[in-house]
file my_file-v2.pdb (PDB, C-alpha atoms, pLDDT in the B column)
MODEL        1
ATOM      1  CA  TRP Z   1      16.784 -23.356   6.654  1.00 93.00           C
ATOM      2  CA  ALA Z   2      14.805 -26.002   4.801  1.00 96.00           C
ATOM      3  CA  PRO Z   3      14.520 -29.741   5.519  1.00 95.00           C
ATOM      4  CA  PRO Z   4      15.749 -32.293   2.947  1.00 96.00           C
ATOM      5  CA  GLN Z   5      12.210 -32.877   1.613  1.00 96.00           C
ATOM      6  CA  TRP Z   6      11.472 -29.198   0.994  1.00 98.00           C
ATOM      7  CA  LEU Z   7      12.252 -29.034  -2.734  1.00 97.00           C
ATOM      8  CA  GLU Z   8      10.503 -32.319  -3.462  1.00 98.00           C
ATOM      9  CA  ARG Z   9       7.344 -31.140  -1.706  1.00 98.00           C
ATOM     10  CA  MET Z  10       7.316 -27.735  -3.400  1.00 98.00           C
ATOM     11  CA  ALA Z  11       7.990 -29.153  -6.866  1.00 98.00           C
ATOM     12  CA  GLY Z  12       5.413 -31.885  -6.283  1.00 98.00           C
ATOM     13  CA  ALA Z  13       2.757 -29.313  -5.421  1.00 98.00           C
ATOM     14  CA  ALA Z  14       3.641 -27.232  -8.488  1.00 98.00           C
ATOM     15  CA  GLU Z  15       3.189 -30.269 -10.715  1.00 98.00           C
ATOM     16  CA  ARG Z  16       0.102 -31.612  -8.969  1.00 98.00           C
ATOM     17  CA  TYR Z  17      -1.793 -28.322  -9.112  1.00 98.00           C
ATOM     18  CA  ALA Z  18      -0.286 -27.019 -12.380  1.00 97.00           C
ATOM     19  CA  ALA Z  19       0.875 -23.900 -10.526  1.00 98.00           C
ATOM     20  CA  ASP Z  20       3.372 -21.281 -11.633  1.00 98.00           C
ATOM     21  CA  GLY Z  21       4.385 -20.604  -8.051  1.00 98.00           C
ATOM     22  CA  VAL Z  22       4.198 -22.439  -4.735  1.00 98.00           C
ATOM     23  CA  LEU Z  23       4.372 -20.844  -1.299  1.00 98.00           C
ATOM     24  CA  GLY Z  24       4.862 -22.559   2.044  1.00 98.00           C
ATOM     25  CA  PRO Z  25       4.948 -21.799   5.778  1.00 98.00           C
ATOM     26  CA  VAL Z  26       7.789 -20.018   7.539  1.00 97.00           C
ATOM     27  CA  ILE Z  27       8.245 -21.123  11.139  1.00 97.00           C
ATOM     28  CA  ALA Z  28       9.770 -18.340  13.247  1.00 96.00           C
ATOM     29  CA  PRO Z  29      10.910 -19.794  16.589  1.00 96.00           C
ATOM     30  CA  LEU Z  30      11.754 -17.557  19.513  1.00 96.00           C
ATOM     31  CA  PRO Z  31      14.464 -18.433  22.037  1.00 95.00           C
ATOM     32  CA  ASP Z  32      13.526 -19.210  25.636  1.00 93.00           C
ATOM     33  CA  THR Z  33      15.238 -15.957  26.586  1.00 94.00           C
ATOM     34  CA  ALA Z  34      12.657 -13.881  24.711  1.00 95.00           C
ATOM     35  CA  PRO Z  35      10.185 -11.988  26.942  1.00 95.00           C
ATOM     36  CA  ALA Z  36       7.209 -14.080  28.016  1.00 95.00           C
ATOM     37  CA  TRP Z  37       4.673 -11.572  26.652  1.00 96.00           C
ATOM     38  CA  LEU Z  38       6.361 -11.827  23.254  1.00 97.00           C
ATOM     39  CA  ARG Z  39       6.357 -15.635  23.180  1.00 95.00           C
ATOM     40  CA  ARG Z  40       2.657 -15.725  24.052  1.00 95.00           C
ATOM     41  CA  GLY Z  41       1.563 -13.326  21.335  1.00 96.00           C
ATOM     42  CA  GLY Z  42       2.091 -15.210  18.075  1.00 95.00           C
ATOM     43  CA  PHE Z  43       3.453 -11.980  16.604  1.00 97.00           C
ATOM     44  CA  TYR Z  44       5.597 -13.748  14.016  1.00 96.00           C
ATOM     45  CA  ASP Z  45       2.946 -16.253  12.896  1.00 95.00           C
ATOM     46  CA  ARG Z  46       1.463 -16.001   9.416  1.00 93.00           C
ATOM     47  CA  ASN Z  47      -1.634 -17.417   7.791  1.00 94.00           C
ATOM     48  CA  ARG Z  48      -1.499 -21.048   6.721  1.00 97.00           C
ATOM     49  CA  HIS Z  49      -3.737 -22.862   4.248  1.00 98.00           C
ATOM     50  CA  ALA Z  50      -4.556 -26.375   3.171  1.00 98.00           C
ATOM     51  CA  THR Z  51      -2.220 -27.673   0.478  1.00 98.00           C
ATOM     52  CA  GLY Z  52      -3.470 -26.760  -2.985  1.00 98.00           C
ATOM     53  CA  THR Z  53      -5.295 -23.634  -1.822  1.00 98.00           C
ATOM     54  CA  PRO Z  54      -4.823 -20.663  -4.168  1.00 98.00           C
ATOM     55  CA  VAL Z  55      -2.828 -18.009  -2.295  1.00 97.00           C
ATOM     56  CA  PRO Z  56      -4.614 -14.640  -1.971  1.00 94.00           C
ATOM     57  CA  ARG Z  57      -2.749 -11.815  -3.683  1.00 93.00           C
ATOM     58  CA  ASN Z  58      -2.326  -9.919  -0.419  1.00 91.00           C
ATOM     59  CA  GLU Z  59      -0.423 -12.917   1.030  1.00 95.00           C
ATOM     60  CA  LEU Z  60       2.071 -13.371  -1.811  1.00 96.00           C
ATOM     61  CA  ARG Z  61       5.683 -13.128  -0.611  1.00 95.00           C
ATOM     62  CA  THR Z  62       9.116 -14.594  -1.293  1.00 94.00           C
ATOM     63  CA  SER Z  63      10.065 -15.917   2.154  1.00 93.00           C
ATOM     64  CA  ASN Z  64       9.263 -19.520   1.101  1.00 98.00           C
ATOM     65  CA  LEU Z  65       8.607 -19.631  -2.616  1.00 98.00           C
ATOM     66  CA  LEU Z  66       9.220 -21.817  -5.639  1.00 98.00           C
ATOM     67  CA  LEU Z  67       8.689 -19.878  -8.866  1.00 97.00           C
ATOM     68  CA  HIS Z  68       8.514 -21.115 -12.455  1.00 96.00           C
ATOM     69  CA  ARG Z  69      10.942 -18.914 -14.396  1.00 96.00           C
ATOM     70  CA  PRO Z  70       9.674 -19.021 -18.047  1.00 96.00           C
ATOM     71  CA  PRO Z  71       6.350 -17.186 -17.485  1.00 95.00           C
ATOM     72  CA  VAL Z  72       8.199 -14.561 -15.424  1.00 96.00           C
ATOM     73  CA  ASP Z  73      10.593 -13.934 -18.297  1.00 96.00           C
ATOM     74  CA  ALA Z  74       7.709 -13.892 -20.770  1.00 96.00           C
ATOM     75  CA  ALA Z  75       5.862 -11.280 -18.708  1.00 95.00           C
ATOM     76  CA  GLY Z  76       8.956  -9.067 -18.523  1.00 96.00           C
ATOM     77  CA  ILE Z  77       8.169  -8.190 -14.898  1.00 95.00           C
ATOM     78  CA  HIS Z  78      10.958  -7.402 -12.436  1.00 95.00           C
ATOM     79  CA  PHE Z  79      11.373  -6.246  -8.860  1.00 95.00           C
ATOM     80  CA  ASP Z  80      10.680  -2.517  -8.582  1.00 93.00           C
ATOM     81  CA  PRO Z  81      13.678  -0.688  -7.025  1.00 93.00           C
ATOM     82  CA  VAL Z  82      11.333   1.934  -5.558  1.00 89.00           C
ATOM     83  CA  PHE Z  83      10.736  -0.582  -2.759  1.00 90.00           C
ATOM     84  CA  GLY Z  84      14.455  -0.988  -2.044  1.00 90.00           C
ATOM     85  CA  LYS Z  85      14.371   0.850   1.292  1.00 92.00           C
ATOM     86  CA  THR Z  86      10.736   0.353   2.296  1.00 92.00           C
ATOM     87  CA  GLY Z  87      10.449  -3.378   1.694  1.00 92.00           C
ATOM     88  CA  GLY Z  88       7.374  -4.944   0.132  1.00 91.00           C
ATOM     89  CA  GLU Z  89       9.000  -5.449  -3.270  1.00 93.00           C
ATOM     90  CA  ASP Z  90       8.099  -9.140  -3.145  1.00 95.00           C
ATOM     91  CA  SER Z  91       4.348  -8.617  -2.728  1.00 93.00           C
ATOM     92  CA  ASP Z  92       4.380  -5.962  -5.464  1.00 92.00           C
ATOM     93  CA  PHE Z  93       6.361  -8.205  -7.806  1.00 95.00           C
ATOM     94  CA  LEU Z  94       4.249 -11.314  -7.239  1.00 96.00           C
ATOM     95  CA  SER Z  95       0.911  -9.510  -7.349  1.00 94.00           C
ATOM     96  CA  ARG Z  96       1.870  -8.080 -10.732  1.00 94.00           C
ATOM     97  CA  LEU Z  97       2.740 -11.578 -11.913  1.00 96.00           C
ATOM     98  CA  ALA Z  98      -0.607 -12.831 -10.620  1.00 95.00           C
ATOM     99  CA  GLY Z  99      -2.219 -10.064 -12.635  1.00 93.00           C
ATOM    100  CA  THR Z 100      -0.839 -11.640 -15.817  1.00 95.00           C
ATOM    101  CA  GLY Z 101      -2.625 -14.901 -15.014  1.00 95.00           C
ATOM    102  CA  MET Z 102       0.140 -16.761 -13.186  1.00 97.00           C
ATOM    103  CA  SER Z 103      -1.232 -19.072 -10.507  1.00 97.00           C
ATOM    104  CA  PHE Z 104       0.081 -19.503  -6.964  1.00 98.00           C
ATOM    105  CA  VAL Z 105      -0.863 -22.299  -4.578  1.00 98.00           C
ATOM    106  CA  TRP Z 106       0.000 -23.231  -1.000  1.00 98.00           C
ATOM    107  CA  CYS Z 107       1.978 -26.293   0.125  1.00 98.00           C
ATOM    108  CA  ASP Z 108       1.535 -26.633   3.871  1.00 98.00           C
ATOM    109  CA  GLU Z 109       4.005 -29.526   4.223  1.00 97.00           C
ATOM    110  CA  ALA Z 110       6.931 -27.509   2.820  1.00 98.00           C
ATOM    111  CA  GLU Z 111       7.937 -25.695   5.994  1.00 98.00           C
ATOM    112  CA  VAL Z 112      11.117 -23.672   6.363  1.00 98.00           C
ATOM    113  CA  VAL Z 113      12.525 -22.257   9.597  1.00 97.00           C
ATOM    114  CA  GLU Z 114      13.760 -18.696  10.159  1.00 96.00           C
ATOM    115  CA  PRO Z 115      14.618 -17.967  13.808  1.00 96.00           C
ATOM    116  CA  VAL Z 116      13.712 -14.480  15.005  1.00 96.00           C
ATOM    117  CA  PRO Z 117      16.905 -12.427  15.551  1.00 96.00           C
ATOM    118  CA  ALA Z 118      17.378 -10.498  18.774  1.00 95.00           C
ATOM    119  CA  SER Z 119      17.007  -7.168  16.931  1.00 94.00           C
ATOM    120  CA  ARG Z 120      13.378  -8.064  16.130  1.00 96.00           C
ATOM    121  CA  GLN Z 121      12.379  -9.258  19.601  1.00 97.00           C
ATOM    122  CA  ASN Z 122      10.896  -5.977  20.776  1.00 97.00           C
ATOM    123  CA  LEU Z 123       7.717  -3.949  20.544  1.00 97.00           C
ATOM    124  CA  ARG Z 124       9.228  -1.143  18.484  1.00 97.00           C
ATOM    125  CA  TRP Z 125      10.174  -3.516  15.675  1.00 97.00           C
ATOM    126  CA  LEU Z 126       6.746  -5.166  15.784  1.00 98.00           C
ATOM    127  CA  ARG Z 127       4.997  -1.777  15.650  1.00 97.00           C
ATOM    128  CA  MET Z 128       7.003  -0.498  12.713  1.00 97.00           C
ATOM    129  CA  ARG Z 129       6.792  -3.797  10.813  1.00 96.00           C
ATOM    130  CA  ALA Z 130       3.015  -3.626  11.218  1.00 97.00           C
ATOM    131  CA  PHE Z 131       3.074  -0.018   9.997  1.00 97.00           C
ATOM    132  CA  ARG Z 132       5.144  -0.957   6.973  1.00 96.00           C
ATOM    133  CA  GLY Z 133       2.918  -3.952   6.247  1.00 94.00           C
ATOM    134  CA  GLY Z 134      -0.186  -1.786   6.340  1.00 96.00           C
ATOM    135  CA  GLN Z 135       1.505   0.817   4.154  1.00 95.00           C
ATOM    136  CA  ASN Z 136       2.505  -1.736   1.519  1.00 92.00           C
ATOM    137  CA  TYR Z 137      -0.898  -3.425   1.578  1.00 93.00           C
ATOM    138  CA  ALA Z 138      -2.654  -0.098   1.028  1.00 94.00           C
ATOM    139  CA  GLN Z 139      -0.266   0.893  -1.758  1.00 91.00           C
ATOM    140  CA  ASN Z 140      -0.978  -2.340  -3.589  1.00 88.00           C
ATOM    141  CA  LYS Z 141      -4.715  -2.009  -3.041  1.00 90.00           C
ATOM    142  CA  LEU Z 142      -4.870   1.615  -4.146  1.00 92.00           C
ATOM    143  CA  ASN Z 143      -2.757   0.792  -7.199  1.00 86.00           C
ATOM    144  CA  GLY Z 144      -5.232  -1.906  -8.234  1.00 85.00           C
ATOM    145  CA  ARG Z 145      -2.929  -4.846  -7.528  1.00 83.00           C
ATOM    146  CA  PHE Z 146      -5.774  -6.752  -5.829  1.00 84.00           C
ATOM    147  CA  GLY Z 147      -8.470  -5.749  -8.313  1.00 80.00           C
ATOM    148  CA  GLU Z 148     -10.102  -2.634  -9.709  1.00 83.00           C
ATOM    149  CA  VAL Z 149     -10.612   0.133  -7.164  1.00 86.00           C
ATOM    150  CA  GLY Z 150     -12.521   3.333  -7.853  1.00 91.00           C
ATOM    151  CA  ALA Z 151     -12.818   6.631  -5.970  1.00 93.00           C
ATOM    152  CA  ALA Z 152     -15.719   5.390  -3.829  1.00 94.00           C
ATOM    153  CA  HIS Z 153     -13.777   2.269  -2.828  1.00 93.00           C
ATOM    154  CA  LYS Z 154     -10.755   4.386  -1.907  1.00 94.00           C
ATOM    155  CA  LEU Z 155     -12.882   6.684   0.247  1.00 96.00           C
ATOM    156  CA  ALA Z 156     -14.500   3.718   2.005  1.00 95.00           C
ATOM    157  CA  PHE Z 157     -11.065   2.168   2.577  1.00 96.00           C
ATOM    158  CA  LEU Z 158      -9.838   5.455   4.092  1.00 96.00           C
ATOM    159  CA  ILE Z 159     -12.834   5.765   6.431  1.00 97.00           C
ATOM    160  CA  ARG Z 160     -12.582   2.127   7.561  1.00 97.00           C
ATOM    161  CA  SER Z 161      -8.896   2.561   8.297  1.00 98.00           C
ATOM    162  CA  VAL Z 162      -9.517   5.681  10.422  1.00 98.00           C
ATOM    163  CA  ILE Z 163     -12.231   3.936  12.433  1.00 98.00           C
ATOM    164  CA  ALA Z 164     -10.153   0.783  12.870  1.00 98.00           C
ATOM    165  CA  LEU Z 165      -7.134   2.822  13.990  1.00 98.00           C
ATOM    166  CA  CYS Z 166      -9.168   4.494  16.742  1.00 98.00           C
ATOM    167  CA  VAL Z 167     -10.677   1.215  17.914  1.00 98.00           C
ATOM    168  CA  CYS Z 168      -7.303  -0.525  18.000  1.00 98.00           C
ATOM    169  CA  PHE Z 169      -5.522   2.200  19.966  1.00 98.00           C
ATOM    170  CA  VAL Z 170      -8.368   2.452  22.495  1.00 98.00           C
ATOM    171  CA  ALA Z 171      -8.346  -1.334  22.939  1.00 98.00           C
ATOM    172  CA  ALA Z 172      -4.559  -1.313  23.386  1.00 98.00           C
ATOM    173  CA  ALA Z 173      -4.809   1.313  26.132  1.00 98.00           C
ATOM    174  CA  LEU Z 174      -7.671  -0.429  27.955  1.00 98.00           C
ATOM    175  CA  LEU Z 175      -5.967  -3.829  27.900  1.00 98.00           C
ATOM    176  CA  LEU Z 176      -2.524  -2.671  29.014  1.00 97.00           C
ATOM    177  CA  PRO Z 177      -3.215  -2.969  32.772  1.00 97.00           C
ATOM    178  CA  PHE Z 178      -4.445  -6.548  32.306  1.00 97.00           C
ATOM    179  CA  SER Z 179      -2.328  -8.108  29.563  1.00 97.00           C
ATOM    180  CA  ARG Z 180       0.770  -6.721  27.921  1.00 97.00           C
ATOM    181  CA  THR Z 181       0.469  -9.345  25.181  1.00 98.00           C
ATOM    182  CA  ARG Z 182      -3.109  -8.454  24.232  1.00 98.00           C
ATOM    183  CA  SER Z 183      -2.346  -4.746  24.449  1.00 98.00           C
ATOM    184  CA  ALA Z 184       0.642  -5.165  22.133  1.00 98.00           C
ATOM    185  CA  GLN Z 185      -1.451  -7.168  19.668  1.00 98.00           C
ATOM    186  CA  TRP Z 186      -4.009  -4.377  19.399  1.00 98.00           C
ATOM    187  CA  LEU Z 187      -1.275  -1.742  19.261  1.00 98.00           C
ATOM    188  CA  CYS Z 188       0.307  -3.484  16.282  1.00 98.00           C
ATOM    189  CA  LYS Z 189      -3.078  -3.685  14.579  1.00 98.00           C
ATOM    190  CA  GLY Z 190      -3.412   0.042  15.124  1.00 98.00           C
ATOM    191  CA  TYR Z 191      -0.019   0.695  13.595  1.00 98.00           C
ATOM    192  CA  ALA Z 192      -1.031  -1.382  10.573  1.00 98.00           C
ATOM    193  CA  GLN Z 193      -4.038   0.907  10.126  1.00 98.00           C
ATOM    194  CA  ALA Z 194      -1.776   3.940  10.494  1.00 98.00           C
ATOM    195  CA  GLY Z 195       0.403   2.509   7.739  1.00 97.00           C
ATOM    196  CA  LYS Z 196      -2.645   2.193   5.506  1.00 97.00           C
ATOM    197  CA  LEU Z 197      -3.445   5.850   6.085  1.00 97.00           C
ATOM    198  CA  ALA Z 198       0.159   6.814   5.327  1.00 96.00           C
ATOM    199  CA  ALA Z 199      -0.286   5.347   1.856  1.00 94.00           C
ATOM    200  CA  PHE Z 200      -2.643   8.239   1.086  1.00 95.00           C
ATOM    201  CA  SER Z 201       0.257  10.652   1.656  1.00 94.00           C
ATOM    202  CA  ALA Z 202       3.763  11.044   0.247  1.00 90.00           C
ATOM    203  CA  TYR Z 203       5.343   9.595   3.405  1.00 93.00           C
ATOM    204  CA  ARG Z 204       6.996   6.159   3.145  1.00 91.00           C
ATOM    205  CA  TYR Z 205       8.547   4.393   6.103  1.00 93.00           C
ATOM    206  CA  GLU Z 206      11.952   3.100   4.956  1.00 93.00           C
ATOM    207  CA  GLU Z 207      12.482   0.007   7.067  1.00 91.00           C
ATOM    208  CA  TYR Z 208      15.730  -0.913   5.323  1.00 90.00           C
ATOM    209  CA  ALA Z 209      17.284   2.536   5.126  1.00 81.00           C
ATOM    210  CA  PRO Z 210      20.712   2.952   6.818  1.00 77.00           C
ATOM    211  CA  GLY Z 211      20.278   3.596  10.508  1.00 65.00           C
ATOM    212  CA  SER Z 212      16.758   2.151  10.636  1.00 63.00           C
ATOM    213  CA  GLY Z 213      17.887  -0.660  12.941  1.00 57.00           C
ATOM    214  CA  SER Z 214      16.513  -3.453  10.750  1.00 58.00           C
TER     215      SER Z 214
ENDMDL
END

call {"tool": "encode", "arguments": {"input": "my_file-v2.pdb", "output": "structure tokens"}}
result
Amino acid sequence: WAPPQWLERMAGAAERYAADGVLGPVIAPLPDTAPAWLRRGGFYDRNRHATGTPVPRNELRTSNLLLHRPPVDAAGIHFDPVFGKTGGEDSDFLSRLAGTGMSFVWCDEAEVVEPVPASRQNLRWLRMRAFRGGQNYAQNKLNGRFGEVGAAHKLAFLIRSVIALCVCFVAAALLLPFSRTRSAQWLCKGYAQAGKLAAFSAYRYEEYAPGSGS
């Protein structure tokens, strides 16, 4: 849900910064009944920026977005149905629009609230969301959505992901006896790296496929 001032703040930022799109924060509150380790972890928090900051392409999403329609129509760019079951169609769509020269800025005052449903208050969902996020990020990167990428860059990205995966899983195991929250944070980071590696294969995790539990 959005407060009464949401549209005014988003439209004001679009006009003030001559932006084609404006993104804002999504607050994801957890109920008091959620596990303590989950409430301590900040697992549902996302990056925030000062108002007017250009939004990096790898942070473009539709969860809180005001979009100027005419340049979208002029570009002839649409959501790609290939992402229908995997998710990530919003980052693909918006990064392609950014590639045409459309500008996106942040409005930190235009908060919306999306409570976390019970089905997402568990480690399995967090792990697989991290996996899917890493998978989508890598797909966009390897497809040149964030800038030109050659064979050497792809190889370096692959090697970094392998190393990071090992570090994250070792850290998760070592921290488990001391802090379930910290262990889960590193585990999710490891799953994100695993998702990046999956992008080099034909496998795609379908988060929104029937029976996935999402």

call {"tool": "resolve_selection", "arguments": {"input": "my_file-v2.pdb", "expression": "the PyMOL selection byres ((chain Z and resi 88) around 10)", "output": "list in words"}}
result
Arg61, Thr62, Phe79, Asp80, Val82, Phe83, Gly84, Lys85, Thr86, Gly87, Glu89, Asp90, Ser91, Asp92, Phe93, Arg132, Gly133, Gln135, Asn136, Tyr137, Gln139, Asn140 and Glu207 of chain Z

call {"tool": "residues_around", "arguments": {"input": "my_file-v2.pdb", "residues": "Val105 of chain Z", "least_positions_apart": "3", "cutoff": "12 Å", "atoms": "all atoms listed in the file", "output": "short mmCIF file (atom, residue, chain, number, x, y, z; two decimals) with C-alpha atoms, in the coordinates of the input"}}
result
data_model
loop_
_atom_site.label_atom_id
_atom_site.label_comp_id
_atom_site.auth_asym_id
_atom_site.auth_seq_id
_atom_site.Cartn_x
_atom_site.Cartn_y
_atom_site.Cartn_z
CA MET Z 10 7.32 -27.74 -3.40
CA ALA Z 11 7.99 -29.15 -6.87
CA GLY Z 12 5.41 -31.88 -6.28
CA ALA Z 13 2.76 -29.31 -5.42
CA ALA Z 14 3.64 -27.23 -8.49
CA GLU Z 15 3.19 -30.27 -10.72
CA ARG Z 16 0.10 -31.61 -8.97
CA TYR Z 17 -1.79 -28.32 -9.11
CA ALA Z 18 -0.29 -27.02 -12.38
CA ALA Z 19 0.88 -23.90 -10.53
CA ASP Z 20 3.37 -21.28 -11.63
CA GLY Z 21 4.38 -20.60 -8.05
CA VAL Z 22 4.20 -22.44 -4.74
CA LEU Z 23 4.37 -20.84 -1.30
CA GLY Z 24 4.86 -22.56 2.04
CA PRO Z 25 4.95 -21.80 5.78
CA ARG Z 48 -1.50 -21.05 6.72
CA HIS Z 49 -3.74 -22.86 4.25
CA ALA Z 50 -4.56 -26.38 3.17
CA THR Z 51 -2.22 -27.67 0.48
CA GLY Z 52 -3.47 -26.76 -2.98
CA THR Z 53 -5.30 -23.63 -1.82
CA PRO Z 54 -4.82 -20.66 -4.17
CA VAL Z 55 -2.83 -18.01 -2.30
CA PRO Z 56 -4.61 -14.64 -1.97
CA ARG Z 57 -2.75 -11.82 -3.68
CA GLU Z 59 -0.42 -12.92 1.03
CA LEU Z 60 2.07 -13.37 -1.81
CA ARG Z 61 5.68 -13.13 -0.61
CA ASN Z 64 9.26 -19.52 1.10
CA LEU Z 65 8.61 -19.63 -2.62
CA LEU Z 66 9.22 -21.82 -5.64
CA LEU Z 67 8.69 -19.88 -8.87
CA ALA Z 98 -0.61 -12.83 -10.62
CA MET Z 102 0.14 -16.76 -13.19
CA ASP Z 108 1.54 -26.63 3.87
CA ALA Z 110 6.93 -27.51 2.82
#

call {"tool": "resolve_selection", "arguments": {"input": "my_file-v2.pdb", "expression": "the PyMOL selection byres ((chain Z and resi 41) around 10)", "output": "tab-separated table (two decimals) with C-alpha atoms, in the frame of the given file"}}
result
chain	number	residue	atom	x	y	z
Z	36	ALA	CA	7.21	-14.08	28.02
Z	37	TRP	CA	4.67	-11.57	26.65
Z	38	LEU	CA	6.36	-11.83	23.25
Z	39	ARG	CA	6.36	-15.64	23.18
Z	40	ARG	CA	2.66	-15.72	24.05
Z	42	GLY	CA	2.09	-15.21	18.08
Z	43	PHE	CA	3.45	-11.98	16.60
Z	44	TYR	CA	5.60	-13.75	14.02
Z	45	ASP	CA	2.95	-16.25	12.90
Z	180	ARG	CA	0.77	-6.72	27.92
Z	181	THR	CA	0.47	-9.35	25.18
Z	182	ARG	CA	-3.11	-8.45	24.23
Z	183	SER	CA	-2.35	-4.75	24.45
Z	184	ALA	CA	0.64	-5.16	22.13
Z	185	GLN	CA	-1.45	-7.17	19.67

call {"tool": "closest_residue", "arguments": {"input": "my_file-v2.pdb", "among": "Z:Leu126, Z:Ala199, Z:Val112, Z:Ala28", "to": "Leu158 of chain Z", "atoms": "all atoms listed in the file"}}
result
Z:Ala199

call {"tool": "atom_distance", "arguments": {"input": "my_file-v2.pdb", "atom1": "atom CA of Glu109 of chain Z", "atom2": "atom CA of Leu30 of chain Z"}}
result
20.9 Å

call {"tool": "closest_residue", "arguments": {"input": "my_file-v2.pdb", "among": "Z:Trp6, Z:Ile159, Z:Pro210, Z:Pro29", "to": "Pro115 of chain Z", "atoms": "all atoms listed in the file"}}
result
Z:Pro29

call {"tool": "axis_aligned_box", "arguments": {"input": "my_file-v2.pdb", "around": "segment 103-110 of chain Z", "padding_each_side": "6 Å", "output": "lines of an AutoDock Vina configuration file"}}
result
center_x = 2.8
center_y = -24.3
center_z = -3.1
size_x = 20.2
size_y = 22.5
size_z = 26.7

call {"tool": "residues_around", "arguments": {"input": "my_file-v2.pdb", "residues": "Val170 of chain Z", "least_positions_apart": "6", "cutoff": "12 Å", "atoms": "only C-alpha atoms", "output": "number ranges by chain"}}
result
Z: 163-164, 176, 183-184, 186-187, 189-190

call {"tool": "closest_residue", "arguments": {"input": "my_file-v2.pdb", "among": "Z:Phe157, Z:Tyr191, Z:Trp125, Z:Phe104", "to": "Ala172 of chain Z", "atoms": "all atoms listed in the file"}}
result
Z:Tyr191

call {"tool": "atom_distance", "arguments": {"input": "my_file-v2.pdb", "atom1": "atom CA of Ala75 of chain Z", "atom2": "atom CA of Leu97 of chain Z"}}
result
7.5 Å

call {"tool": "residues_near_point", "arguments": {"input": "my_file-v2.pdb", "point": "(-1.8, 8.1, 0.6)", "cutoff": "9 Å", "atoms": "all atoms listed in the file", "output": "count of residues only"}}
result
12

call {"tool": "closest_residue", "arguments": {"input": "my_file-v2.pdb", "among": "Z:Tyr205, Z:Gly99, Z:Thr33, Z:Ile27", "to": "Gly147 of chain Z", "atoms": "only C-alpha atoms"}}
result
Z:Gly99

call {"tool": "closest_residue", "arguments": {"input": "my_file-v2.pdb", "among": "Z:Arg120, Z:Glu111, Z:Arg160, Z:Ser63", "to": "Gln5 of chain Z", "atoms": "all atoms listed in the file"}}
result
Z:Glu111

call {"tool": "atom_distance", "arguments": {"input": "my_file-v2.pdb", "atom1": "atom CA of Phe146 of chain Z", "atom2": "atom CA of Gly134 of chain Z"}}
result
14.3 Å
